[in-house]
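Working notes, beginning with the structure itself.
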Amino acid sequence: DAGITQSPRHKVTETGTPVTLRCHQTENHRYMYWYRQDPGHGLRLIHYSYGVKDTDKGEVSDGYSVSRSKTEDFLLTLESATSSQTSVYFCAISPAVSYSGNTIYFGEGSWLTVV
Amino acid sequence: DQQVKQNSPSLSVQEGRISILNCDYTNSMFDYFLWYKKYPAEGPTFLISISSIKDKNEDGRFTVFLNKSAKHLSLHIVPSQPGDSAVYFCAASGGADGLTFGKGTHLIIQP
């Protein structure tokens, strides 16, 4: 298994509160990603990072921000949680860009419920 | 606009038979394709991949076929086993911004 730890694994929060999900890797991989999985939508990219302090938006970035101050940690923040952000969030890592044949490996997921 | 499409939300196959999962894509810039398997309450796990310079890749019971002209790929599982019951995601890549996933196909292996 790829050395990826997500925390918290489960969280229930109220609408309007800030939430931070943490992804920690022990593989020293350069690329880190946050995806969300929703019924009928598959996996969609929220944000990704290609190095320390280097991040970019994905397909569904509205309402989310990220930070990467260390190679091993990638944080996803919901500044003011909404019910539409109830989802399963997956962190993923990759040693290089996937078009060079490198695979993206996923963490176990964080279940977030916004009530 | 969905760039990677898995048109079958579910597929039921008898144990021991061949399972064929299909995937279509629209972006001609995609040059690397992957299949992931996902069990409930777990993260997706990498299964098999194929580069656009190939048309077939095998790994044990799993074979992925790529038809670039049709922008179509398929995953064959032979023989199908009960542990293969899971959701299978097709994914494609053409750059640094991660993978583009299909919506998944739920494969059910019947005893």
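Here, A, B, ... name the chains of the structure tokens in the order displayed, residue numbers run from 1 inside each chain, and ligands are numbered from 1 in the same displayed order.
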Env of A:Thr77: 6 Å cut, atoms = only C-alpha atoms, seq-sep filter 2 positions within chain, self excluded. Answer as an mmCIF file with N, CA and C atoms, in the first residue's frame.
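Okay, selection_21.cif is ready:
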data_model
loop_
_atom_site.group_PDB
_atom_site.id
_atom_site.type_symbol
_atom_site.label_atom_id
_atom_site.label_comp_id
_atom_site.auth_asym_id
_atom_site.auth_seq_id
_atom_site.Cartn_x
_atom_site.Cartn_y
_atom_site.Cartn_z
ATOM 1 N N VAL A 19 -13.679 23.600 7.666
ATOM 2 C CA VAL A 19 -13.229 22.218 7.832
ATOM 3 C C VAL A 19 -11.902 22.050 7.101
ATOM 4 N N THR A 20 -10.962 21.366 7.727
ATOM 5 C CA THR A 20 -9.697 21.056 7.072
ATOM 6 C C THR A 20 -9.460 19.558 7.084
ATOM 7 N N TYR A 64 -13.248 25.516 -2.204
ATOM 8 C CA TYR A 64 -12.136 24.795 -1.583
ATOM 9 C C TYR A 64 -10.838 25.583 -1.756
ATOM 10 N N SER A 65 -9.973 25.447 -0.762
ATOM 11 C CA SER A 65 -8.612 25.953 -0.899
ATOM 12 C C SER A 65 -7.657 24.878 -0.400
ATOM 13 N N VAL A 66 -6.404 24.970 -0.815
ATOM 14 C CA VAL A 66 -5.408 23.972 -0.421
ATOM 15 C C VAL A 66 -4.120 24.672 -0.023
ATOM 16 N N GLU A 79 -13.722 26.582 3.511
ATOM 17 C CA GLU A 79 -13.756 27.785 4.334
ATOM 18 C C GLU A 79 -15.082 27.926 5.074
#
> Within 12 Å of chain B, which residues of chain A show up when using only C-alpha atoms, listed as a ChimeraX atom specification?
Replying inline: /A:1-2,4-6,9-10,30-51,55-59,88-111
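Here atom CA of A:Glu27 is placed at a distance of 6.0 Å from atom CA of A:Gly3.
Atom to atom, atom CA of A:Arg68 and atom CA of A:Pro18 stand 17.9 Å apart.
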> Mind pulling up the distance from atom CA of B:Cys23 to atom CA of B:Leu73?
Replying inline: 5.3 Å
>> For the structure I just gave you, how does DSSP split chain B - specifically, which residues are strand (DSSP E or B)? Reply as an MDAnalysis selection string.
In response: chainID B and resid 4:5 10:14 19:25 32:38 45:51 56:59 62:67 72:77 86:93 100:101 105:110
